[in-house]
file input23.cif (mmCIF, C-alpha atoms)
data_entry
loop_
_atom_site.label_atom_id
_atom_site.label_comp_id
_atom_site.auth_asym_id
_atom_site.auth_seq_id
_atom_site.Cartn_x
_atom_site.Cartn_y
_atom_site.Cartn_z
CA MET A 19 0.49 175.96 90.11
CA ALA A 20 4.15 176.78 89.67
CA ARG A 21 5.76 178.99 92.30
CA SER A 22 7.76 182.06 91.50
CA LYS A 23 11.50 181.97 92.15
CA PRO A 24 11.28 183.97 95.43
CA GLU A 25 8.54 181.63 96.64
CA THR A 26 10.62 178.59 95.65
CA LEU A 27 13.63 179.96 97.55
CA ALA A 28 11.52 180.53 100.63
CA TRP A 29 10.13 176.99 100.37
CA LEU A 30 13.64 175.48 99.97
CA ARG A 31 14.92 177.39 103.02
CA GLN A 32 11.91 176.13 104.96
CA ILE A 33 12.59 172.45 104.16
CA ALA A 34 16.43 172.67 104.39
CA GLY A 35 16.46 171.06 107.83
CA GLU A 36 14.11 168.32 106.67
CA LEU A 37 16.38 167.61 103.66
CA ALA A 38 19.47 167.41 105.88
CA THR A 39 17.76 164.97 108.25
CA ALA A 40 16.55 162.81 105.36
CA THR A 41 20.03 162.81 103.82
CA LEU A 42 21.66 161.57 107.03
CA LYS A 43 19.00 158.85 107.29
CA ARG A 44 19.75 157.83 103.69
CA LEU A 45 23.49 157.67 104.42
CA GLU A 46 22.78 155.50 107.47
CA ASP A 47 20.64 153.10 105.47
CA THR A 48 22.68 152.79 102.25
CA LEU A 49 26.39 153.39 103.05
CA PRO A 50 28.09 150.79 105.29
CA TRP A 51 31.28 152.86 105.57
CA TYR A 52 29.25 155.72 107.07
CA ARG A 53 27.70 153.45 109.72
CA GLU A 54 31.13 152.15 110.74
CA MET A 55 32.59 155.62 111.26
CA PRO A 56 33.27 156.93 114.78
CA PRO A 57 30.75 159.53 115.97
CA GLY A 58 33.10 162.48 115.43
CA ARG A 59 33.65 161.70 111.76
CA ARG A 60 29.98 160.93 111.17
CA SER A 61 29.19 164.36 112.55
CA ALA A 62 31.72 165.92 110.17
CA VAL A 63 30.13 164.11 107.21
CA GLY A 64 26.75 165.40 108.32
CA LEU A 65 28.14 168.95 108.36
CA VAL A 66 29.34 168.49 104.78
CA ALA A 67 25.86 167.27 103.72
CA GLN A 68 24.15 170.22 105.42
CA ALA A 69 26.64 172.66 103.88
CA GLY A 70 25.92 171.14 100.48
CA ILE A 71 22.19 171.71 100.83
CA ARG A 72 22.69 175.31 102.00
CA SER A 73 25.16 175.86 99.16
CA PHE A 74 22.61 174.55 96.64
CA ILE A 75 19.98 176.99 97.88
CA SER A 76 22.44 179.87 97.60
CA TRP A 77 23.49 178.67 94.14
CA TYR A 78 19.84 178.45 93.06
CA ASP A 79 19.45 182.05 94.11
CA ASP A 80 22.61 183.15 92.22
CA PRO A 81 24.13 180.57 89.77
CA THR A 82 27.12 182.88 89.13
CA SER A 83 28.38 182.10 92.65
CA THR A 84 29.29 178.50 91.68
CA PRO A 85 33.07 178.62 92.20
CA TRP A 86 33.25 179.85 95.77
CA ILE A 87 30.04 178.22 97.01
CA ALA A 88 31.05 174.77 95.72
CA ALA A 89 34.46 175.06 97.34
CA ASP A 90 32.85 176.26 100.59
CA VAL A 91 31.02 172.93 100.95
CA PHE A 92 34.25 171.01 101.51
CA GLY A 93 35.86 173.84 103.44
CA THR A 94 33.67 172.83 106.41
CA ALA A 95 35.28 169.38 106.51
CA PRO A 96 38.17 168.97 108.97
CA ARG A 97 41.51 167.95 107.49
CA GLU A 98 41.45 164.48 109.03
CA LEU A 99 38.12 163.80 107.29
CA LEU A 100 39.70 164.37 103.86
CA ARG A 101 42.31 161.74 104.76
CA SER A 102 39.73 159.18 105.96
CA VAL A 103 37.02 159.61 103.29
CA SER A 104 37.99 158.66 99.75
CA LEU A 105 36.89 160.43 96.59
CA GLN A 106 34.61 157.48 95.76
CA GLN A 107 32.90 157.80 99.14
CA THR A 108 32.52 161.55 98.63
CA LEU A 109 30.77 160.96 95.31
CA GLN A 110 28.46 158.45 97.03
CA LEU A 111 27.63 161.15 99.58
CA ILE A 112 26.80 163.62 96.79
CA ARG A 113 24.62 161.04 95.03
CA ALA A 114 22.65 160.30 98.21
CA THR A 115 22.05 164.02 98.80
CA VAL A 116 20.90 164.57 95.21
CA GLU A 117 18.52 161.61 95.40
CA VAL A 118 16.93 162.94 98.59
CA VAL A 119 16.40 166.41 97.10
CA GLU A 120 15.02 164.95 93.84
CA GLU A 121 12.54 162.76 95.73
CA ARG A 122 11.39 165.69 97.85
CA VAL A 123 10.78 168.09 94.96
CA ALA A 124 9.54 165.46 92.44
CA GLY A 125 6.28 166.55 90.84
CA ASN A 126 6.37 169.97 92.51
CA GLU A 127 9.25 172.00 91.15
CA ASP A 128 10.82 170.81 87.89
CA SER A 129 13.05 173.88 87.81
CA VAL A 130 14.53 172.88 91.18
CA ARG A 131 15.17 169.35 89.94
CA GLU A 132 17.00 170.58 86.85
CA ALA A 133 18.99 173.03 88.95
CA MET A 134 19.94 170.22 91.32
CA LEU A 135 21.29 168.15 88.43
CA LEU A 136 23.45 171.05 87.26
CA TYR A 137 24.60 171.79 90.78
CA SER A 138 25.54 168.16 91.43
CA ARG A 139 27.83 168.30 88.41
CA GLU A 140 29.53 171.42 89.75
CA ILE A 141 29.90 169.98 93.24
CA ALA A 142 31.37 166.74 91.84
CA PHE A 143 34.01 168.70 89.95
CA ALA A 144 34.69 170.71 93.11
CA ALA A 145 35.19 167.48 95.07
CA ALA A 146 37.64 166.21 92.46
CA ASP A 147 39.52 169.51 92.69
CA VAL A 148 39.74 169.29 96.49
CA TYR A 149 41.09 165.75 96.39
CA ALA A 150 43.51 166.59 93.57
CA ARG A 151 44.98 169.45 95.58
CA ALA A 152 45.18 167.22 98.65
CA ALA A 153 46.97 164.54 96.60
CA GLU A 154 49.41 167.12 95.23
CA ALA A 155 50.17 168.38 98.72
CA ARG A 156 50.61 164.79 99.91
CA GLY A 157 52.97 164.11 96.99
CA LEU A 158 55.13 167.11 97.91
CA TRP A 159 55.15 166.01 101.54
CA ASP A 160 56.10 162.46 100.54
CA ALA A 161 58.95 163.79 98.37
CA ARG A 162 60.35 165.83 101.25
CA LEU A 163 59.97 162.92 103.66
CA GLU A 164 61.63 160.54 101.18
CA ALA A 165 64.56 162.94 100.77
CA LEU A 166 64.88 163.14 104.56
CA VAL A 167 64.90 159.33 104.90
CA VAL A 168 67.52 158.91 102.17
CA ASP A 169 69.70 161.61 103.76
CA SER A 170 69.43 159.82 107.13
CA ILE A 171 70.49 156.54 105.48
CA LEU A 172 73.47 158.13 103.71
CA SER A 173 74.67 159.96 106.81
CA GLY A 174 74.10 156.97 109.10
CA GLU A 175 72.16 159.18 111.53
CA ALA A 176 69.18 156.89 111.92
CA ASP A 177 67.00 157.63 114.95
CA ASP A 178 63.92 156.10 116.54
CA ALA A 179 61.67 158.03 114.14
CA LEU A 180 63.17 156.41 111.02
CA PRO A 181 60.95 153.28 111.04
CA SER A 182 57.78 155.40 111.31
CA ARG A 183 58.94 157.68 108.49
CA ILE A 184 59.66 154.65 106.33
CA ALA A 185 56.19 153.25 107.07
CA ALA A 186 54.60 156.60 106.19
CA LEU A 187 56.18 156.37 102.73
CA GLY A 188 54.41 153.07 102.07
CA TRP A 189 57.62 151.02 102.00
CA HIS A 190 56.74 147.43 101.02
CA GLY A 191 60.17 145.83 101.44
CA HIS A 192 60.67 143.86 104.65
CA GLY A 193 63.85 141.96 103.83
CA GLU A 194 67.31 142.68 102.50
CA VAL A 195 68.28 146.13 101.26
CA ALA A 196 71.07 147.42 99.02
CA VAL A 197 72.00 150.96 97.95
CA LEU A 198 72.69 151.92 94.33
CA VAL A 199 74.62 155.16 93.58
CA GLY A 200 75.20 156.84 90.22
CA THR A 201 74.96 160.15 88.42
CA THR A 202 71.73 162.10 88.02
CA PRO A 203 70.44 162.17 84.41
CA PRO A 204 69.61 165.50 82.75
CA VAL A 205 65.92 164.55 82.93
CA LEU A 206 65.09 162.30 85.88
CA ASP A 207 62.02 160.09 85.36
CA VAL A 208 61.15 159.07 88.91
CA ASP A 209 57.91 157.36 87.90
CA GLN A 210 59.73 155.14 85.38
CA LEU A 211 62.21 154.04 88.07
CA ARG A 212 59.36 153.15 90.40
CA ARG A 213 57.48 151.26 87.68
CA THR A 214 60.60 149.27 86.81
CA ALA A 215 61.16 148.42 90.47
CA ARG A 216 57.55 147.28 90.93
CA HIS A 217 57.87 145.11 87.82
CA LEU A 218 60.90 143.46 89.44
CA ALA A 219 58.98 142.91 92.71
CA ALA A 220 61.21 145.42 94.50
CA ASP A 221 60.69 148.73 96.26
CA VAL A 222 62.85 151.85 96.00
CA LEU A 223 63.51 155.07 97.83
CA ILE A 224 64.91 157.77 95.55
CA GLY A 225 67.19 160.62 96.61
CA VAL A 226 68.84 163.29 94.48
CA GLN A 227 71.91 165.05 95.87
CA GLY A 228 73.15 167.42 93.22
CA ASN A 229 74.66 165.34 90.41
CA ARG A 230 74.38 162.14 92.46
CA LEU A 231 71.34 159.84 92.30
CA VAL A 232 70.81 157.36 95.14
CA LEU A 233 68.38 154.42 95.07
CA VAL A 234 67.66 152.34 98.18
CA ILE A 235 66.41 148.98 96.87
CA GLY A 236 64.38 146.65 99.08
CA ARG A 237 63.21 143.07 98.85
CA ALA A 238 60.84 140.93 100.93
CA LEU A 239 61.38 138.03 103.28
CA GLU A 240 59.67 134.65 103.06
CA GLY A 241 55.99 134.76 103.84
CA THR A 242 55.44 138.23 102.34
CA GLY A 243 54.54 137.05 98.85
CA TRP A 244 58.06 137.20 97.44
CA SER A 245 60.43 134.23 97.46
CA ILE A 246 64.10 134.06 98.41
CA PRO A 247 66.14 131.10 97.13
CA PRO A 248 69.21 129.54 98.71
CA ARG A 249 72.39 131.57 98.30
CA GLU A 250 73.74 131.42 94.77
CA HIS A 251 77.21 132.17 93.44
CA VAL A 252 77.12 135.72 92.07
CA SER A 253 78.88 136.72 88.88
CA ARG A 254 82.57 137.57 89.20
CA SER A 255 82.82 134.83 91.86
CA ARG A 256 82.63 136.74 95.08
CA PRO A 257 80.14 137.11 97.90
CA ASP A 258 77.80 140.07 97.71
CA VAL A 259 78.04 140.82 101.41
CA GLU A 260 80.53 143.14 103.06
CA ASP A 261 81.26 143.61 106.74
CA ALA A 262 78.20 141.50 107.59
CA PRO A 263 77.36 137.82 108.10
CA ALA A 264 76.70 135.86 104.96
CA SER A 265 73.08 136.45 104.05
CA THR A 266 70.59 134.90 101.69
CA GLU A 267 70.78 136.37 98.20
CA GLY A 268 68.63 135.94 95.18
CA GLY A 269 65.45 137.07 93.52
CA ASP A 270 62.38 138.53 95.08
CA GLU A 271 59.96 138.58 92.21
CA PRO A 272 56.59 136.86 92.44
CA ARG A 273 57.05 134.04 90.01
CA GLU A 274 55.92 130.62 88.95
CA GLU A 275 57.69 127.39 89.76
CA GLY A 276 61.06 127.26 88.02
CA ALA A 277 61.18 130.94 87.00
CA PRO A 278 64.62 132.57 87.27
CA GLN A 279 65.50 134.49 90.42
CA LEU A 280 66.78 138.06 90.50
CA THR A 281 69.79 139.15 92.52
CA PHE A 282 70.37 142.72 93.63
CA LEU A 283 72.84 142.97 90.75
CA ASP A 284 70.08 141.89 88.33
CA ILE A 285 67.72 144.51 89.74
CA ALA A 286 70.43 147.19 89.54
CA THR A 287 71.10 146.26 85.92
CA ARG A 288 67.43 146.81 85.06
CA LEU A 289 67.41 150.17 86.88
CA GLU A 290 70.73 151.33 85.39
CA PRO A 291 69.17 153.05 82.31
CA GLY A 292 67.52 155.53 84.68
CA PHE A 293 70.93 156.95 85.69
CA GLY A 294 72.99 159.54 83.88
CA PRO A 295 76.33 158.88 82.14
CA GLY A 296 79.14 157.60 84.31
CA PRO A 297 79.63 154.78 86.81
CA VAL A 298 76.89 153.13 88.86
CA VAL A 299 77.93 151.36 92.07
CA LEU A 300 75.89 148.83 94.06
CA GLY A 301 76.53 148.40 97.78
CA HIS A 302 76.37 145.07 99.56
CA ALA A 303 73.15 143.62 100.96
CA VAL A 304 72.13 144.34 104.56
CA PRO A 305 69.32 142.66 106.54
CA ASP A 306 66.86 145.59 106.62
CA LEU A 307 66.32 149.25 105.82
CA VAL A 308 67.44 150.50 109.23
CA GLU A 309 70.94 149.12 108.54
CA ALA A 310 71.06 150.44 104.97
CA SER A 311 73.66 153.05 105.98
CA ARG A 312 76.35 150.33 105.83
CA SER A 313 75.47 149.52 102.24
CA ALA A 314 75.31 153.25 101.48
CA ARG A 315 78.81 153.85 102.89
CA ALA A 316 80.20 151.05 100.72
CA ALA A 317 78.43 152.31 97.59
CA LEU A 318 79.54 155.92 98.14
CA ALA A 319 83.12 154.87 98.83
CA GLY A 320 83.13 152.77 95.66
CA PHE A 321 81.58 155.60 93.65
CA ALA A 322 84.42 157.89 94.75
CA VAL A 323 87.18 155.55 93.47
CA VAL A 324 85.54 153.65 90.60
CA ARG A 325 87.42 155.73 88.01
CA ALA A 326 90.61 153.93 89.11
CA TRP A 327 89.29 150.73 87.46
CA ARG A 328 89.38 151.51 83.75
CA SER A 329 87.20 148.59 82.65
CA ALA A 330 84.71 148.68 85.51
CA PRO A 331 81.28 147.34 84.46
CA ARG A 332 78.07 149.32 84.87
CA PRO A 333 76.74 148.70 87.41
CA VAL A 334 79.74 147.57 89.45
CA LEU A 335 79.63 145.97 92.87
CA ALA A 336 81.22 147.92 95.72
CA ASP A 337 82.90 144.68 96.83
CA ASP A 338 84.75 144.56 93.50
CA LEU A 339 86.33 147.93 94.38
CA LEU A 340 87.74 146.87 97.74
CA PRO A 341 91.42 147.42 96.77
CA GLU A 342 90.79 150.94 95.45
CA ARG A 343 88.69 151.80 98.47
CA ALA A 344 91.33 150.50 100.86
CA LEU A 345 94.03 152.54 99.09
CA ALA A 346 91.79 155.61 99.40
CA GLY A 347 91.65 155.11 103.16
CA ASP A 348 88.25 153.45 103.55
CA PRO A 349 88.43 151.63 106.92
CA LEU A 350 85.37 149.54 106.07
CA ALA A 351 87.11 148.13 102.98
CA ARG A 352 90.27 147.31 104.95
CA THR A 353 88.27 145.58 107.67
CA THR A 354 86.33 143.62 105.06
CA LEU A 355 89.42 142.48 103.18
CA VAL A 356 91.12 141.27 106.35
CA GLY A 357 88.01 139.78 107.94
CA ARG A 358 86.62 137.97 104.91
CA ILE A 359 89.82 136.87 103.14
CA TYR A 360 92.97 136.96 105.24
CA ARG A 361 91.56 135.86 108.60
CA PRO A 362 89.66 132.77 107.28
CA LEU A 363 92.87 131.59 105.55
CA LYS A 364 95.00 132.37 108.60
CA ASP A 365 92.69 130.45 110.93
CA HIS A 366 92.01 127.55 108.55
CA SER A 367 92.92 124.05 109.63
CA SER A 368 95.08 123.72 106.51
CA PRO A 369 97.87 126.32 106.80
CA GLU A 370 99.16 125.41 103.34
CA LEU A 371 96.24 127.31 101.75
CA LEU A 372 97.59 130.68 102.89
CA ALA A 373 101.13 129.78 101.90
CA THR A 374 99.97 128.58 98.49
CA LEU A 375 98.02 131.78 97.81
CA TRP A 376 101.01 133.93 98.83
CA ALA A 377 103.33 131.96 96.57
CA TYR A 378 100.88 131.92 93.65
CA LEU A 379 100.37 135.70 93.73
CA ASP A 380 104.06 136.49 94.32
CA ASN A 381 105.02 134.33 91.33
CA GLY A 382 102.76 136.18 88.91
CA ARG A 383 99.97 133.55 89.07
CA SER A 384 102.25 130.91 87.55
CA LEU A 385 101.35 127.35 88.51
CA GLU A 386 104.79 125.95 87.64
CA ALA A 387 106.73 128.60 89.57
CA THR A 388 104.46 128.17 92.57
CA ALA A 389 104.84 124.38 92.47
CA ARG A 390 108.66 124.70 92.34
CA GLU A 391 108.71 127.07 95.32
CA LEU A 392 106.47 124.81 97.41
CA PHE A 393 108.05 121.53 96.16
CA VAL A 394 104.65 120.15 95.08
CA HIS A 395 103.03 119.13 91.81
CA PRO A 396 101.18 121.83 89.77
CA ASN A 397 97.98 119.78 90.16
CA THR A 398 98.34 120.16 93.91
CA VAL A 399 98.49 123.93 93.45
CA ARG A 400 95.34 123.78 91.31
CA TYR A 401 93.54 121.76 93.96
CA ARG A 402 94.49 124.18 96.73
CA LEU A 403 93.42 127.19 94.66
CA LYS A 404 90.07 125.51 94.08
CA ARG A 405 89.66 125.02 97.82
CA ILE A 406 90.50 128.70 98.40
CA THR A 407 87.81 129.71 95.90
CA GLU A 408 85.26 127.49 97.65
CA LEU A 409 86.23 128.95 101.02
CA LEU A 410 86.31 132.63 100.11
CA GLY A 411 84.22 133.01 96.97
CA TRP A 412 87.02 134.82 95.10
CA ASP A 413 88.95 133.06 92.33
CA ALA A 414 92.70 133.75 92.40
CA THR A 415 93.10 132.74 88.75
CA GLY A 416 91.23 135.85 87.59
CA ALA A 417 93.25 139.05 87.22
CA ARG A 418 90.77 141.32 89.00
CA GLU A 419 90.04 138.93 91.85
CA ALA A 420 93.73 138.18 92.25
CA LEU A 421 94.22 141.90 92.93
CA ILE A 422 91.53 141.77 95.61
CA LEU A 423 93.10 138.71 97.24
CA HIS A 424 96.61 140.17 97.08
CA ALA A 425 95.45 143.40 98.71
CA ALA A 426 93.77 141.38 101.47
CA LEU A 427 96.96 139.40 102.15
CA ILE A 428 99.05 142.57 102.33
CA LEU A 429 96.62 144.30 104.70
CA GLY A 430 96.32 141.15 106.77
CA ALA A 431 100.09 140.84 107.13
CA ILE A 432 100.31 144.51 108.14
CA SER A 433 97.62 144.01 110.78
CA GLU A 434 99.52 141.17 112.46
CA PRO A 435 101.26 142.15 115.70
CA VAL A 436 105.02 142.57 115.44
CA PRO A 437 106.80 139.74 117.31
CA THR A 438 109.10 140.94 120.09
CA ARG A 439 111.97 139.07 121.76
CA ARG A 440 111.77 138.80 125.52
CA ARG A 441 114.84 140.16 127.27
CA THR A 442 116.29 137.74 129.83
CA ALA A 443 117.48 139.06 133.17
CA ARG A 444 121.10 138.53 134.18
#
call {"tool": "encode", "arguments": {"input": "input23.cif", "output": "structure tokens"}}
result
Amino acid sequence: MARSKPETLAWLRQIAGELATATLKRLEDTLPWYREMPPGRRSAVGLVAQAGIRSFISWYDDPTSTPWIAADVFGTAPRELLRSVSLQQTLQLIRATVEVVEERVAGNEDSVREAMLLYSREIAFAAADVYARAAEARGLWDARLEALVVDSILSGEADDALPSRIAALGWHGHGEVAVLVGTTPPVLDVDQLRRTARHLAADVLIGVQGNRLVLVIGRALEGTGWSIPPREHVSRSRPDVEDAPASTEGGDEPREEGAPQLTFLDIATRLEPGFGPGPVVLGHAVPDLVEASRSARAALAGFAVVRAWRSAPRPVLADDLLPERALAGDPLARTTLVGRIYRPLKDHSSPELLATLWAYLDNGRSLEATARELFVHPNTVRYRLKRITELLGWDATGAREALILHAALILGAISEPVPTRRRTAR
């Protein structure tokens, strides 16, 4: 004999405790992730199951109360539970609860069974809504944290908390890092930049500062699934490292045997369409993300003076803007020019290399005029220039690189101590 609705409600309230106990037993038997939870979280999951059963009884009494009752089920869950239980696990919890209720009322109350099916649909949508709002809040928090990390890198004010903030963002790069600076496009597609970076086996942090867009690009070391080849000669014949020891450069993309490697310049070229009109400057590589402020300083300094090079490529390396940066007062550029060009020539075992470069540049890059000044054959000048290129990585026969070398020689000569004559006593 079918019960009336008030009798059914009274019966459901009477067996609510029994249903909650049976649900927890079902979770224990069928869900491994529930068994492996610490006691505190298991208790919280049990509270959610009990709240769901109570909410169903209230909903059965008044189906118009669906919105607030369904949301109230997950309101009993502590915040840390939402972070530790996935949406898939939540749906498994709902399924187990529905199965227990269906088994208990099977053959007795068909109206309750049908109501439970409708309610389970509502509660599933409510769960999806809770997790969607949590994901949205997490996305906003990640965006603020990412902006904070990029600001710390640009300002060079890294503290002990920076590594933990980087880890919280899910940073996958554990090797070299370079900073790319350009203009912000009218419509910034952050997701497209991240997809492009993932396709290139790289990771990026994105920061927007007004009309300036900053990308921190990371790569992985050996043993992390990405490969790093021996150092290769980068286009425009100069090292891609500034104010730092020579470091390994090359691709970081998971690849098959013999596939081409990607340099930071290659990665920047693929990411360049995501910037607005104007120059895009790539800083030099540094060993890890904590030291990325050095690459950021170089990229920002180059971005400030890149308009002085009329035919600058896009993207352009910050090292290719060393003369302009030095003229603008960048101490890092001056130190780099002297330390990586002038000092190796000055301290080389063959002093004729420095003299040959001086003469070659002072004579307008003329082999014959240089040979006449040094009283050597032009082929000797060619040989010495080739040795200089092998030593430094810059080719003096190119107009742009000759400017870089000339600036380094001038700054190096200025940095030399002025010789003084010792006064002799009478």
call {"tool": "resolve_selection", "arguments": {"input": "input23.cif", "expression": "the PyMOL selection byres ((chain A and resi 423) around 12)", "output": "ChimeraX atom specification"}}
result
/A:256,337-341,352,354-361,363,372,375-376,378-380,383,403,406-407,410-422,424-430
call {"tool": "atom_distance", "arguments": {"input": "input23.cif", "atom1": "CA of Lys404 in chain A", "atom2": "CA of Leu280 in chain A"}}
result
26.7 Å
call {"tool": "closest_residue", "arguments": {"input": "input23.cif", "among": "A:Val116, A:Val323, A:Ala389, A:Val197", "to": "Gly301 in chain A", "atoms": "only C-alpha atoms"}}
result
A:Val197
call {"tool": "closest_residue", "arguments": {"input": "input23.cif", "among": "A:Ser384, A:Ser76, A:Ser129, A:Gln68", "to": "Leu111 in chain A", "atoms": "all atoms listed in the file"}}
result
A:Gln68
call {"tool": "resolve_selection", "arguments": {"input": "input23.cif", "expression": "the PyMOL selection byres ((chain A and resi 212) around 12)", "output": "PyMOL selection string"}}
result
chain A and resi 189+206-211+213-224+233-236+288-289+292
call {"tool": "closest_residue", "arguments": {"input": "input23.cif", "among": "A:Leu392, A:Val205, A:Leu136, A:Val118", "to": "Arg44 in chain A", "atoms": "all atoms listed in the file"}}
result
A:Val118
call {"tool": "residues_around", "arguments": {"input": "input23.cif", "residues": "range 293-298 of chain A", "least_positions_apart": "2", "cutoff": "8 Å", "atoms": "only C-alpha atoms", "output": "mmCIF file with C-alpha atoms, keeping the file's coordinate frame"}}
result
data_model
loop_
_atom_site.group_PDB
_atom_site.id
_atom_site.type_symbol
_atom_site.label_atom_id
_atom_site.label_comp_id
_atom_site.auth_asym_id
_atom_site.auth_seq_id
_atom_site.Cartn_x
_atom_site.Cartn_y
_atom_site.Cartn_z
ATOM 1 C CA LEU A 198 72.690 151.920 94.330
ATOM 2 C CA VAL A 199 74.620 155.160 93.580
ATOM 3 C CA GLY A 200 75.200 156.840 90.220
ATOM 4 C CA THR A 201 74.960 160.150 88.420
ATOM 5 C CA THR A 202 71.730 162.100 88.020
ATOM 6 C CA PRO A 203 70.440 162.170 84.410
ATOM 7 C CA PRO A 204 69.610 165.500 82.750
ATOM 8 C CA LEU A 206 65.090 162.300 85.880
ATOM 9 C CA LEU A 231 71.340 159.840 92.300
ATOM 10 C CA LEU A 289 67.410 150.170 86.880
ATOM 11 C CA GLU A 290 70.730 151.330 85.390
ATOM 12 C CA PRO A 291 69.170 153.050 82.310
ATOM 13 C CA LEU A 300 75.890 148.830 94.060
ATOM 14 C CA PHE A 321 81.580 155.600 93.650
ATOM 15 C CA VAL A 324 85.540 153.650 90.600
ATOM 16 C CA ARG A 325 87.420 155.730 88.010
ATOM 17 C CA PRO A 331 81.280 147.340 84.460
ATOM 18 C CA ARG A 332 78.070 149.320 84.870
ATOM 19 C CA PRO A 333 76.740 148.700 87.410
ATOM 20 C CA VAL A 334 79.740 147.570 89.450
#
call {"tool": "atom_distance", "arguments": {"input": "input23.cif", "atom1": "CA of Glu386 in chain A", "atom2": "CA of Arg405 in chain A"}}
result
18.3 Å
call {"tool": "closest_residue", "arguments": {"input": "input23.cif", "among": "A:Tyr78, A:Gln106, A:Ala316, A:Ala330", "to": "Leu135 in chain A", "atoms": "all atoms listed in the file"}}
result
A:Tyr78
call {"tool": "residues_around", "arguments": {"input": "input23.cif", "residues": "Leu307 in chain A", "least_positions_apart": "3", "cutoff": "8 Å", "atoms": "only C-alpha atoms", "output": "compact mmCIF listing (two decimals) with C-alpha atoms, in the frame of the given file"}}
result
# COMPACT_ATOMS: atom_id res chain seq x y z
CA HIS A 192 60.67 143.86 104.65
CA GLY A 193 63.85 141.96 103.83
CA GLU A 194 67.31 142.68 102.50
CA VAL A 195 68.28 146.13 101.26
CA GLY A 236 64.38 146.65 99.08
CA VAL A 304 72.13 144.34 104.56
CA ALA A 310 71.06 150.44 104.97
call {"tool": "atom_distance", "arguments": {"input": "input23.cif", "atom1": "CA of Val130 in chain A", "atom2": "CA of Ser104 in chain A"}}
result
28.7 Å
call {"tool": "resolve_selection", "arguments": {"input": "input23.cif", "expression": "the PyMOL selection byres ((chain A and resi 115) around 9)", "output": "list of chain:residue names"}}
result
A:Leu37, A:Ala38, A:Ala40, A:Thr41, A:Leu42, A:Arg44, A:Leu45, A:Ala67, A:Gly70, A:Ile71, A:Gln110, A:Leu111, A:Ile112, A:Arg113, A:Ala114, A:Val116, A:Glu117, A:Val118, A:Val119, A:Glu120
